[in-house]
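Q: This is the structure, below, for whatever I ask next.
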Amino acid sequence: ALEILSASGKEYDPKTIFKRGSGIAGNVLLTGISDIVNDVSSDRRFVNGANKVKSLMCSPLKVKEKVIGVINISSEYQFNYTARDLKFLTALSSQAAISIENARNHEIRLKQEEFRKNMGRYLSPELVTAVMEGKEAMSLRTGKLTISMLFSDIRNFTGLSEELEAELLVTLLN
């Protein structure tokens, strides 16, 4: 579904939500091709909503040929948008798409680093990497194993663990 996230000029309320292929903006989302419609009432794709629209331009937000959204400029009055206007909107949408994708990638990297940091408290760096990369050979499934385990009390360990960084403490234990 395509939802209006930002608007300039008169704010539309209620917000209009389009599905891929529905309406003019939904069609631009589906095809990835910019469009000018100077008389929306004569366009069979137009879906009449709560907001008055007479003319509009739509341009897809594309990143590597994948359409991630649409920029829509509309007027409640009859307006003749030109090819030059559409060319400007297309250039703007190209820059906006790159900015949106960069922001999304940055957010993903931050989440990955937070995950790595949190899991690094409990797992080895190799295991954290294997979990993040989704390696098939690695398994975190439960099962019964015969193992040998040594429990040991280390004198003054509590004081050491409070003073030393986690990495140094693990090195010391190893």
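Identifiers in the structure tokens: chain A, B, ... in order shown; residue index from 1 per chain; ligand index from 1 in order shown.
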What are the DSSP alpha helix (DSSP H) residues of chain A, as a CSV table (one decimal) with N, CA and C atoms, in the first residue's frame?
A:
```
chain,number,residue,atom,x,y,z
A,23,GLY,N,-5.3,3.6,-8.9
A,23,GLY,CA,-5.2,5.0,-9.0
A,23,GLY,C,-4.0,5.4,-9.9
A,24,ILE,N,-3.8,6.6,-10.1
A,24,ILE,CA,-2.7,7.1,-10.9
A,24,ILE,C,-1.3,6.9,-10.2
A,25,ALA,N,-1.3,7.3,-8.9
A,25,ALA,CA,0.0,7.1,-8.2
A,25,ALA,C,0.3,5.6,-8.0
A,26,GLY,N,-0.7,4.8,-7.8
A,26,GLY,CA,-0.5,3.3,-7.7
A,26,GLY,C,-0.1,2.7,-9.0
A,27,ASN,N,-0.5,3.3,-10.1
A,27,ASN,CA,-0.1,2.8,-11.4
A,27,ASN,C,1.4,3.2,-11.6
A,28,VAL,N,1.8,4.4,-11.2
A,28,VAL,CA,3.2,4.8,-11.3
A,28,VAL,C,4.1,3.9,-10.4
A,29,LEU,N,3.6,3.6,-9.2
A,29,LEU,CA,4.3,2.7,-8.3
A,29,LEU,C,4.5,1.3,-9.0
A,30,LEU,N,3.5,0.8,-9.7
A,30,LEU,CA,3.5,-0.5,-10.4
A,30,LEU,C,4.4,-0.5,-11.6
A,31,THR,N,4.3,0.6,-12.4
A,31,THR,CA,5.1,0.6,-13.7
A,31,THR,C,6.5,1.2,-13.6
A,83,ALA,N,6.3,19.0,-19.6
A,83,ALA,CA,7.4,18.0,-19.6
A,83,ALA,C,8.6,18.5,-18.8
A,84,ARG,N,8.8,19.8,-18.9
A,84,ARG,CA,9.9,20.3,-18.1
A,84,ARG,C,9.7,20.2,-16.6
A,85,ASP,N,8.4,20.4,-16.2
A,85,ASP,CA,8.0,20.2,-14.7
A,85,ASP,C,8.3,18.7,-14.4
A,86,LEU,N,7.9,17.8,-15.2
A,86,LEU,CA,8.0,16.4,-15.0
A,86,LEU,C,9.5,16.0,-14.9
A,87,LYS,N,10.3,16.6,-15.8
A,87,LYS,CA,11.7,16.3,-15.8
A,87,LYS,C,12.4,16.7,-14.4
A,88,PHE,N,11.9,17.9,-13.9
A,88,PHE,CA,12.4,18.4,-12.6
A,88,PHE,C,12.0,17.4,-11.5
A,89,LEU,N,10.7,17.0,-11.6
A,89,LEU,CA,10.2,16.1,-10.5
A,89,LEU,C,10.9,14.8,-10.6
A,90,THR,N,11.2,14.3,-11.8
A,90,THR,CA,11.9,13.0,-11.9
A,90,THR,C,13.3,13.1,-11.3
A,91,ALA,N,14.0,14.2,-11.6
A,91,ALA,CA,15.3,14.4,-11.0
A,91,ALA,C,15.2,14.5,-9.4
A,92,LEU,N,14.2,15.2,-9.0
A,92,LEU,CA,14.0,15.3,-7.5
A,92,LEU,C,13.7,13.9,-6.9
A,93,SER,N,12.9,13.2,-7.6
A,93,SER,CA,12.5,11.9,-7.0
A,93,SER,C,13.7,10.9,-7.0
A,94,SER,N,14.6,11.1,-8.0
A,94,SER,CA,15.8,10.2,-8.0
A,94,SER,C,16.7,10.5,-6.8
A,95,GLN,N,16.9,11.8,-6.5
A,95,GLN,CA,17.7,12.2,-5.4
A,95,GLN,C,17.0,11.8,-4.1
A,96,ALA,N,15.7,11.9,-4.0
A,96,ALA,CA,15.0,11.5,-2.8
A,96,ALA,C,15.1,10.0,-2.6
A,97,ALA,N,15.0,9.3,-3.6
A,97,ALA,CA,15.0,7.8,-3.5
A,97,ALA,C,16.4,7.4,-2.9
A,98,ILE,N,17.5,8.0,-3.4
A,98,ILE,CA,18.8,7.7,-3.0
A,98,ILE,C,18.9,8.0,-1.5
A,99,SER,N,18.4,9.2,-1.1
A,99,SER,CA,18.5,9.6,0.3
A,99,SER,C,17.7,8.7,1.2
A,100,ILE,N,16.5,8.3,0.7
A,100,ILE,CA,15.7,7.3,1.5
A,100,ILE,C,16.4,6.0,1.7
A,101,GLU,N,17.0,5.5,0.6
A,101,GLU,CA,17.7,4.2,0.6
A,101,GLU,C,18.9,4.3,1.6
A,102,ASN,N,19.6,5.4,1.5
A,102,ASN,CA,20.8,5.6,2.4
A,102,ASN,C,20.3,5.6,3.8
A,103,ALA,N,19.2,6.3,4.1
A,103,ALA,CA,18.7,6.3,5.5
A,103,ALA,C,18.3,4.9,6.0
A,104,ARG,N,17.6,4.2,5.1
A,104,ARG,CA,17.2,2.8,5.4
A,104,ARG,C,18.5,1.9,5.7
A,105,ASN,N,19.4,2.0,4.8
A,105,ASN,CA,20.7,1.2,5.0
A,105,ASN,C,21.4,1.6,6.3
A,106,HIS,N,21.4,2.9,6.6
A,106,HIS,CA,22.1,3.3,7.9
A,106,HIS,C,21.3,2.7,9.1
A,107,GLU,N,20.0,2.8,9.0
A,107,GLU,CA,19.2,2.2,10.1
A,107,GLU,C,19.4,0.7,10.3
A,108,ILE,N,19.5,0.0,9.2
A,108,ILE,CA,19.8,-1.4,9.2
A,108,ILE,C,21.2,-1.7,9.8
A,109,ARG,N,22.2,-0.9,9.4
A,109,ARG,CA,23.5,-1.1,10.0
A,109,ARG,C,23.6,-0.8,11.5
A,110,LEU,N,22.8,0.2,11.9
A,110,LEU,CA,22.8,0.5,13.3
A,110,LEU,C,22.1,-0.6,14.1
A,111,LYS,N,21.1,-1.2,13.6
A,111,LYS,CA,20.4,-2.4,14.2
A,111,LYS,C,21.3,-3.6,14.2
A,112,GLN,N,22.1,-3.8,13.2
A,112,GLN,CA,23.0,-4.9,13.1
A,112,GLN,C,24.1,-4.7,14.1
A,113,GLU,N,24.6,-3.5,14.3
A,113,GLU,CA,25.7,-3.3,15.2
A,113,GLU,C,25.2,-3.4,16.7
A,114,GLU,N,23.9,-3.0,16.9
A,114,GLU,CA,23.3,-3.2,18.2
A,114,GLU,C,23.2,-4.7,18.5
A,115,PHE,N,22.7,-5.4,17.5
A,115,PHE,CA,22.5,-6.9,17.7
A,115,PHE,C,23.9,-7.5,18.0
A,116,ARG,N,24.9,-7.1,17.2
A,116,ARG,CA,26.3,-7.7,17.4
A,116,ARG,C,26.8,-7.4,18.8
A,117,LYS,N,26.6,-6.1,19.2
A,117,LYS,CA,27.1,-5.7,20.5
A,117,LYS,C,26.3,-6.5,21.6
A,118,ASN,N,25.0,-6.6,21.5
A,118,ASN,CA,24.2,-7.3,22.6
A,118,ASN,C,24.6,-8.8,22.6
A,119,MET,N,24.6,-9.4,21.4
A,119,MET,CA,24.9,-10.9,21.3
A,119,MET,C,26.4,-11.2,21.7
A,120,GLY,N,27.3,-10.2,21.4
A,120,GLY,CA,28.7,-10.4,21.8
A,120,GLY,C,28.9,-10.5,23.2
A,125,PRO,N,32.7,-13.9,18.9
A,125,PRO,CA,32.5,-13.1,17.7
A,125,PRO,C,32.2,-13.9,16.5
A,126,GLU,N,32.8,-15.1,16.4
A,126,GLU,CA,32.6,-16.0,15.2
A,126,GLU,C,31.1,-16.5,15.2
A,127,LEU,N,30.6,-16.8,16.4
A,127,LEU,CA,29.2,-17.3,16.5
A,127,LEU,C,28.2,-16.2,16.1
A,128,VAL,N,28.5,-15.0,16.6
A,128,VAL,CA,27.6,-13.8,16.3
A,128,VAL,C,27.6,-13.6,14.8
A,129,THR,N,28.8,-13.6,14.2
A,129,THR,CA,28.9,-13.5,12.7
A,129,THR,C,28.1,-14.6,12.0
A,130,ALA,N,28.2,-15.8,12.5
A,130,ALA,CA,27.5,-16.9,11.9
A,130,ALA,C,26.0,-16.7,12.0
A,131,VAL,N,25.5,-16.2,13.2
A,131,VAL,CA,24.1,-16.0,13.4
A,131,VAL,C,23.6,-14.9,12.4
A,132,MET,N,24.4,-13.8,12.3
A,132,MET,CA,24.0,-12.7,11.5
A,132,MET,C,24.0,-13.0,10.0
A,133,GLU,N,24.9,-13.9,9.6
A,133,GLU,CA,25.0,-14.3,8.2
A,133,GLU,C,24.0,-15.4,7.9
A,157,PHE,N,37.8,-13.1,41.7
A,157,PHE,CA,37.3,-12.9,40.3
A,157,PHE,C,36.3,-11.8,40.2
A,158,THR,N,35.4,-11.7,41.2
A,158,THR,CA,34.4,-10.6,41.2
A,158,THR,C,35.1,-9.2,41.1
A,159,GLY,N,36.1,-9.0,41.9
A,159,GLY,CA,36.8,-7.7,41.8
A,159,GLY,C,37.4,-7.5,40.5
A,160,LEU,N,38.0,-8.6,39.9
A,160,LEU,CA,38.7,-8.5,38.6
A,160,LEU,C,37.6,-8.2,37.5
A,161,SER,N,36.5,-8.8,37.6
A,161,SER,CA,35.4,-8.6,36.6
A,161,SER,C,34.8,-7.2,36.6
A,162,GLU,N,34.9,-6.6,37.8
A,162,GLU,CA,34.4,-5.3,37.9
A,162,GLU,C,35.4,-4.2,37.4
A,163,GLU,N,36.7,-4.6,37.4
A,163,GLU,CA,37.7,-3.7,37.0
A,163,GLU,C,38.1,-3.8,35.5
A,166,ALA,N,35.5,-6.4,29.3
A,166,ALA,CA,35.0,-7.8,29.0
A,166,ALA,C,36.0,-8.5,28.2
A,167,GLU,N,36.5,-7.9,27.1
A,167,GLU,CA,37.4,-8.6,26.2
A,167,GLU,C,38.7,-9.1,27.0
A,168,LEU,N,39.2,-8.2,27.8
A,168,LEU,CA,40.4,-8.5,28.6
A,168,LEU,C,40.1,-9.6,29.6
A,169,LEU,N,39.0,-9.6,30.2
A,169,LEU,CA,38.6,-10.6,31.2
A,169,LEU,C,38.5,-12.0,30.5
A,170,VAL,N,37.9,-12.0,29.3
A,170,VAL,CA,37.7,-13.3,28.6
A,170,VAL,C,39.1,-13.8,28.2
A,171,THR,N,40.0,-12.9,27.7
A,171,THR,CA,41.4,-13.3,27.4
A,171,THR,C,42.1,-13.9,28.6
A,172,LEU,N,41.9,-13.3,29.8
A,172,LEU,CA,42.5,-13.7,31.0
A,172,LEU,C,42.0,-15.1,31.3
A,173,LEU,N,40.7,-15.3,31.2
A,173,LEU,CA,40.1,-16.6,31.5
A,173,LEU,C,40.5,-17.7,30.5
```
Q: Give me the residues near range 34-40 of chain A as a ChimeraX atom specification, where near means some atom within 6 Å (using only C-alpha atoms) and where sequence neighbours in that chain fewer than 5 positions away do not count.
A: /A:54-59,80
Q: Run DSSP on the backbone and tell me which residues of range 4-151 of chain A come out as strand (DSSP E or B); list them as a PDB file with all heavy atoms, in the first residue's frame.
A:
```pdb
ATOM      1  N   ILE A  17      -4.643   6.264   0.934  1.00  0.00           N
ATOM      2  CA  ILE A  17      -3.739   5.118   0.812  1.00  0.00           C
ATOM      3  C   ILE A  17      -4.067   4.391  -0.490  1.00  0.00           C
ATOM      4  O   ILE A  17      -5.223   4.061  -0.747  1.00  0.00           O
ATOM      5  CB  ILE A  17      -3.873   4.174   2.022  1.00  0.00           C
ATOM      6  CG1 ILE A  17      -3.478   4.927   3.300  1.00  0.00           C
ATOM      7  CG2 ILE A  17      -3.029   2.931   1.831  1.00  0.00           C
ATOM      8  CD1 ILE A  17      -3.684   4.146   4.573  1.00  0.00           C
ATOM      9  N   PHE A  18      -3.038   4.189  -1.331  1.00  0.00           N
ATOM     10  CA  PHE A  18      -3.210   3.515  -2.610  1.00  0.00           C
ATOM     11  C   PHE A  18      -2.538   2.159  -2.569  1.00  0.00           C
ATOM     12  O   PHE A  18      -1.502   1.995  -1.943  1.00  0.00           O
ATOM     13  CB  PHE A  18      -2.546   4.331  -3.737  1.00  0.00           C
ATOM     14  CG  PHE A  18      -3.224   5.635  -4.016  1.00  0.00           C
ATOM     15  CD1 PHE A  18      -2.746   6.814  -3.476  1.00  0.00           C
ATOM     16  CD2 PHE A  18      -4.337   5.686  -4.834  1.00  0.00           C
ATOM     17  CE1 PHE A  18      -3.359   8.020  -3.729  1.00  0.00           C
ATOM     18  CE2 PHE A  18      -4.962   6.889  -5.102  1.00  0.00           C
ATOM     19  CZ  PHE A  18      -4.478   8.058  -4.547  1.00  0.00           C
ATOM     20  N   ASP A  35       4.448  10.261 -14.716  1.00  0.00           N
ATOM     21  CA  ASP A  35       3.248  10.595 -15.485  1.00  0.00           C
ATOM     22  C   ASP A  35       2.753  11.992 -15.136  1.00  0.00           C
ATOM     23  O   ASP A  35       2.893  12.447 -14.003  1.00  0.00           O
ATOM     24  CB  ASP A  35       2.143   9.580 -15.186  1.00  0.00           C
ATOM     25  CG  ASP A  35       1.119   9.474 -16.309  1.00  0.00           C
ATOM     26  OD1 ASP A  35       1.182  10.270 -17.265  1.00  0.00           O
ATOM     27  OD2 ASP A  35       0.254   8.592 -16.210  1.00  0.00           O
ATOM     28  N   ILE A  36       2.179  12.656 -16.147  1.00  0.00           N
ATOM     29  CA  ILE A  36       1.479  13.935 -15.979  1.00  0.00           C
ATOM     30  C   ILE A  36       0.024  13.683 -16.361  1.00  0.00           C
ATOM     31  O   ILE A  36      -0.246  13.091 -17.405  1.00  0.00           O
ATOM     32  CB  ILE A  36       2.023  15.030 -16.927  1.00  0.00           C
ATOM     33  CG1 ILE A  36       3.478  15.361 -16.645  1.00  0.00           C
ATOM     34  CG2 ILE A  36       1.169  16.285 -16.828  1.00  0.00           C
ATOM     35  CD1 ILE A  36       4.084  16.343 -17.644  1.00  0.00           C
ATOM     36  N   VAL A  37      -0.880  14.145 -15.522  1.00  0.00           N
ATOM     37  CA  VAL A  37      -2.304  14.092 -15.863  1.00  0.00           C
ATOM     38  C   VAL A  37      -2.868  15.470 -15.540  1.00  0.00           C
ATOM     39  O   VAL A  37      -3.082  15.815 -14.378  1.00  0.00           O
ATOM     40  CB  VAL A  37      -3.053  12.993 -15.072  1.00  0.00           C
ATOM     41  CG1 VAL A  37      -4.510  12.950 -15.496  1.00  0.00           C
ATOM     42  CG2 VAL A  37      -2.389  11.637 -15.266  1.00  0.00           C
ATOM     43  N   SER A  55      -5.408  18.304 -11.338  1.00  0.00           N
ATOM     44  CA  SER A  55      -4.219  18.020 -12.141  1.00  0.00           C
ATOM     45  C   SER A  55      -3.148  17.437 -11.226  1.00  0.00           C
ATOM     46  O   SER A  55      -3.091  17.784 -10.039  1.00  0.00           O
ATOM     47  CB  SER A  55      -3.667  19.298 -12.779  1.00  0.00           C
ATOM     48  OG  SER A  55      -4.645  19.929 -13.565  1.00  0.00           O
ATOM     49  N   LEU A  56      -2.301  16.558 -11.793  1.00  0.00           N
ATOM     50  CA  LEU A  56      -1.230  16.003 -10.962  1.00  0.00           C
ATOM     51  C   LEU A  56      -0.076  15.492 -11.792  1.00  0.00           C
ATOM     52  O   LEU A  56      -0.194  15.254 -12.993  1.00  0.00           O
ATOM     53  CB  LEU A  56      -1.746  14.910 -10.033  1.00  0.00           C
ATOM     54  CG  LEU A  56      -2.331  13.622 -10.603  1.00  0.00           C
ATOM     55  CD1 LEU A  56      -1.242  12.657 -11.014  1.00  0.00           C
ATOM     56  CD2 LEU A  56      -3.203  12.968  -9.555  1.00  0.00           C
ATOM     57  N   MET A  57       1.067  15.353 -11.111  1.00  0.00           N
ATOM     58  CA  MET A  57       2.260  14.717 -11.658  1.00  0.00           C
ATOM     59  C   MET A  57       2.708  13.682 -10.632  1.00  0.00           C
ATOM     60  O   MET A  57       2.644  13.931  -9.431  1.00  0.00           O
ATOM     61  CB  MET A  57       3.420  15.703 -11.824  1.00  0.00           C
ATOM     62  CG  MET A  57       3.274  16.721 -12.891  1.00  0.00           C
ATOM     63  SD  MET A  57       4.841  17.631 -13.165  1.00  0.00           S
ATOM     64  CE  MET A  57       5.195  18.305 -11.552  1.00  0.00           C
ATOM     65  N   CYS A  58       3.150  12.539 -11.116  1.00  0.00           N
ATOM     66  CA  CYS A  58       3.675  11.494 -10.245  1.00  0.00           C
ATOM     67  C   CYS A  58       4.999  11.013 -10.795  1.00  0.00           C
ATOM     68  O   CYS A  58       5.149  10.856 -12.007  1.00  0.00           O
ATOM     69  CB  CYS A  58       2.730  10.290 -10.185  1.00  0.00           C
ATOM     70  SG  CYS A  58       1.174  10.600  -9.392  1.00  0.00           S
ATOM     71  N   SER A  59       5.935  10.757  -9.901  1.00  0.00           N
ATOM     72  CA  SER A  59       7.219  10.205 -10.313  1.00  0.00           C
ATOM     73  C   SER A  59       7.620   9.121  -9.315  1.00  0.00           C
ATOM     74  O   SER A  59       7.504   9.316  -8.104  1.00  0.00           O
ATOM     75  CB  SER A  59       8.274  11.318 -10.350  1.00  0.00           C
ATOM     76  OG  SER A  59       9.504  10.807 -10.811  1.00  0.00           O
ATOM     77  N   PRO A  60       8.102   7.980  -9.818  1.00  0.00           N
ATOM     78  CA  PRO A  60       8.482   6.902  -8.907  1.00  0.00           C
ATOM     79  C   PRO A  60       9.795   7.209  -8.182  1.00  0.00           C
ATOM     80  O   PRO A  60      10.671   7.878  -8.719  1.00  0.00           O
ATOM     81  CB  PRO A  60       8.656   5.702  -9.845  1.00  0.00           C
ATOM     82  CG  PRO A  60       9.028   6.298 -11.158  1.00  0.00           C
ATOM     83  CD  PRO A  60       8.295   7.617 -11.218  1.00  0.00           C
ATOM     84  N   LEU A  61       9.894   6.715  -6.969  1.00  0.00           N
ATOM     85  CA  LEU A  61      11.144   6.746  -6.208  1.00  0.00           C
ATOM     86  C   LEU A  61      11.821   5.415  -6.493  1.00  0.00           C
ATOM     87  O   LEU A  61      11.383   4.380  -6.009  1.00  0.00           O
ATOM     88  CB  LEU A  61      10.864   6.908  -4.718  1.00  0.00           C
ATOM     89  CG  LEU A  61      10.168   8.195  -4.301  1.00  0.00           C
ATOM     90  CD1 LEU A  61       9.634   8.097  -2.884  1.00  0.00           C
ATOM     91  CD2 LEU A  61      11.115   9.368  -4.431  1.00  0.00           C
ATOM     92  N   LYS A  62      12.869   5.444  -7.329  1.00  0.00           N
ATOM     93  CA  LYS A  62      13.527   4.212  -7.767  1.00  0.00           C
ATOM     94  C   LYS A  62      14.932   4.108  -7.213  1.00  0.00           C
ATOM     95  O   LYS A  62      15.690   5.075  -7.238  1.00  0.00           O
ATOM     96  CB  LYS A  62      13.657   4.185  -9.292  1.00  0.00           C
ATOM     97  CG  LYS A  62      12.444   3.793 -10.042  1.00  0.00           C
ATOM     98  CD  LYS A  62      12.833   3.656 -11.512  1.00  0.00           C
ATOM     99  CE  LYS A  62      11.665   3.416 -12.396  1.00  0.00           C
ATOM    100  NZ  LYS A  62      12.082   3.326 -13.798  1.00  0.00           N
ATOM    101  N   VAL A  63      15.259   2.891  -6.750  1.00  0.00           N
ATOM    102  CA  VAL A  63      16.616   2.571  -6.340  1.00  0.00           C
ATOM    103  C   VAL A  63      16.976   1.269  -7.036  1.00  0.00           C
ATOM    104  O   VAL A  63      16.350   0.232  -6.788  1.00  0.00           O
ATOM    105  CB  VAL A  63      16.727   2.403  -4.808  1.00  0.00           C
ATOM    106  CG1 VAL A  63      18.125   1.992  -4.414  1.00  0.00           C
ATOM    107  CG2 VAL A  63      16.324   3.671  -4.097  1.00  0.00           C
ATOM    108  N   LYS A  66      14.261  -0.717  -8.587  1.00  0.00           N
ATOM    109  CA  LYS A  66      13.196  -1.123  -7.668  1.00  0.00           C
ATOM    110  C   LYS A  66      12.455   0.135  -7.231  1.00  0.00           C
ATOM    111  O   LYS A  66      13.066   1.093  -6.765  1.00  0.00           O
ATOM    112  CB  LYS A  66      13.784  -1.844  -6.461  1.00  0.00           C
ATOM    113  CG  LYS A  66      12.734  -2.276  -5.467  1.00  0.00           C
ATOM    114  CD  LYS A  66      13.364  -2.929  -4.245  1.00  0.00           C
ATOM    115  CE  LYS A  66      12.282  -3.204  -3.223  1.00  0.00           C
ATOM    116  NZ  LYS A  66      12.831  -3.518  -1.919  1.00  0.00           N
ATOM    117  N   VAL A  67      11.139   0.140  -7.384  1.00  0.00           N
ATOM    118  CA  VAL A  67      10.332   1.297  -7.009  1.00  0.00           C
ATOM    119  C   VAL A  67       9.970   1.165  -5.526  1.00  0.00           C
ATOM    120  O   VAL A  67       9.350   0.192  -5.111  1.00  0.00           O
ATOM    121  CB  VAL A  67       9.058   1.395  -7.876  1.00  0.00           C
ATOM    122  CG1 VAL A  67       8.232   2.611  -7.466  1.00  0.00           C
ATOM    123  CG2 VAL A  67       9.417   1.477  -9.353  1.00  0.00           C
ATOM    124  N   ILE A  68      10.393   2.165  -4.728  1.00  0.00           N
ATOM    125  CA  ILE A  68      10.144   2.125  -3.280  1.00  0.00           C
ATOM    126  C   ILE A  68       9.060   3.108  -2.849  1.00  0.00           C
ATOM    127  O   ILE A  68       8.680   3.127  -1.688  1.00  0.00           O
ATOM    128  CB  ILE A  68      11.445   2.379  -2.489  1.00  0.00           C
ATOM    129  CG1 ILE A  68      12.020   3.767  -2.794  1.00  0.00           C
ATOM    130  CG2 ILE A  68      12.468   1.297  -2.764  1.00  0.00           C
ATOM    131  CD1 ILE A  68      13.148   4.201  -1.880  1.00  0.00           C
ATOM    132  N   GLY A  69       8.559   3.907  -3.769  1.00  0.00           N
ATOM    133  CA  GLY A  69       7.524   4.876  -3.441  1.00  0.00           C
ATOM    134  C   GLY A  69       7.243   5.778  -4.622  1.00  0.00           C
ATOM    135  O   GLY A  69       7.742   5.557  -5.727  1.00  0.00           O
ATOM    136  N   VAL A  70       6.443   6.802  -4.383  1.00  0.00           N
ATOM    137  CA  VAL A  70       6.043   7.742  -5.439  1.00  0.00           C
ATOM    138  C   VAL A  70       5.978   9.148  -4.857  1.00  0.00           C
ATOM    139  O   VAL A  70       5.510   9.327  -3.733  1.00  0.00           O
ATOM    140  CB  VAL A  70       4.646   7.367  -6.010  1.00  0.00           C
ATOM    141  CG1 VAL A  70       4.145   8.416  -6.977  1.00  0.00           C
ATOM    142  CG2 VAL A  70       4.677   6.008  -6.679  1.00  0.00           C
ATOM    143  N   ILE A  71       6.482  10.112  -5.613  1.00  0.00           N
ATOM    144  CA  ILE A  71       6.261  11.523  -5.281  1.00  0.00           C
ATOM    145  C   ILE A  71       5.090  11.978  -6.143  1.00  0.00           C
ATOM    146  O   ILE A  71       5.046  11.743  -7.349  1.00  0.00           O
ATOM    147  CB  ILE A  71       7.500  12.392  -5.582  1.00  0.00           C
ATOM    148  CG1 ILE A  71       8.620  12.100  -4.595  1.00  0.00           C
ATOM    149  CG2 ILE A  71       7.130  13.873  -5.514  1.00  0.00           C
ATOM    150  CD1 ILE A  71       9.862  12.946  -4.801  1.00  0.00           C
ATOM    151  N   ASN A  72       4.135  12.641  -5.493  1.00  0.00           N
ATOM    152  CA  ASN A  72       2.919  13.078  -6.173  1.00  0.00           C
ATOM    153  C   ASN A  72       2.758  14.575  -5.926  1.00  0.00           C
ATOM    154  O   ASN A  72       2.747  15.019  -4.783  1.00  0.00           O
ATOM    155  CB  ASN A  72       1.739  12.294  -5.594  1.00  0.00           C
ATOM    156  CG  ASN A  72       0.429  12.633  -6.255  1.00  0.00           C
ATOM    157  OD1 ASN A  72       0.396  13.131  -7.359  1.00  0.00           O
ATOM    158  ND2 ASN A  72      -0.652  12.353  -5.551  1.00  0.00           N
ATOM    159  N   ILE A  73       2.638  15.343  -6.993  1.00  0.00           N
ATOM    160  CA  ILE A  73       2.343  16.768  -6.889  1.00  0.00           C
ATOM    161  C   ILE A  73       0.984  16.978  -7.538  1.00  0.00           C
ATOM    162  O   ILE A  73       0.780  16.579  -8.692  1.00  0.00           O
ATOM    163  CB  ILE A  73       3.413  17.631  -7.589  1.00  0.00           C
ATOM    164  CG1 ILE A  73       4.754  17.477  -6.866  1.00  0.00           C
ATOM    165  CG2 ILE A  73       2.978  19.089  -7.645  1.00  0.00           C
ATOM    166  CD1 ILE A  73       5.884  18.255  -7.487  1.00  0.00           C
ATOM    167  N   SER A  74       0.061  17.561  -6.786  1.00  0.00           N
ATOM    168  CA  SER A  74      -1.287  17.734  -7.332  1.00  0.00           C
ATOM    169  C   SER A  74      -1.792  19.147  -7.070  1.00  0.00           C
ATOM    170  O   SER A  74      -1.284  19.854  -6.207  1.00  0.00           O
ATOM    171  CB  SER A  74      -2.243  16.711  -6.717  1.00  0.00           C
ATOM    172  OG  SER A  74      -2.340  16.892  -5.322  1.00  0.00           O
ATOM    173  N   SER A  75      -2.804  19.512  -7.844  1.00  0.00           N
ATOM    174  CA  SER A  75      -3.426  20.819  -7.701  1.00  0.00           C
ATOM    175  C   SER A  75      -4.936  20.625  -7.664  1.00  0.00           C
ATOM    176  O   SER A  75      -5.480  19.819  -8.416  1.00  0.00           O
ATOM    177  CB  SER A  75      -3.048  21.718  -8.880  1.00  0.00           C
ATOM    178  OG  SER A  75      -3.777  22.930  -8.821  1.00  0.00           O
TER     179      SER A  75
END
```
Q: Between A:Gly143, A:Gly21, A:Gly32, A:Gly134, single out the one closest to Phe46 in chain A, counting only C-alpha atoms.
A: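 Of all the options, A:Gly21 lies closest to Phe46 in chain A.
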Q: One number please: CA of Gly49 in chain A to CA of Lys19 in chain A, in Å, one decimal.
A: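 These atoms are spaced 13.6 Å apart.
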Q: Quick one, how far is CA of Asn51 in chain A from CA of Tyr77 in chain A?
A: 11.8 Å
Q: Enter the distance from CA of Arg121 in chain A to CA of Asn174 in chain A, in Å, rounded to one decimal.
A: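 Result for CA of Arg121 in chain A versus CA of Asn174 in chain A: 15.5 Å, one decimal.
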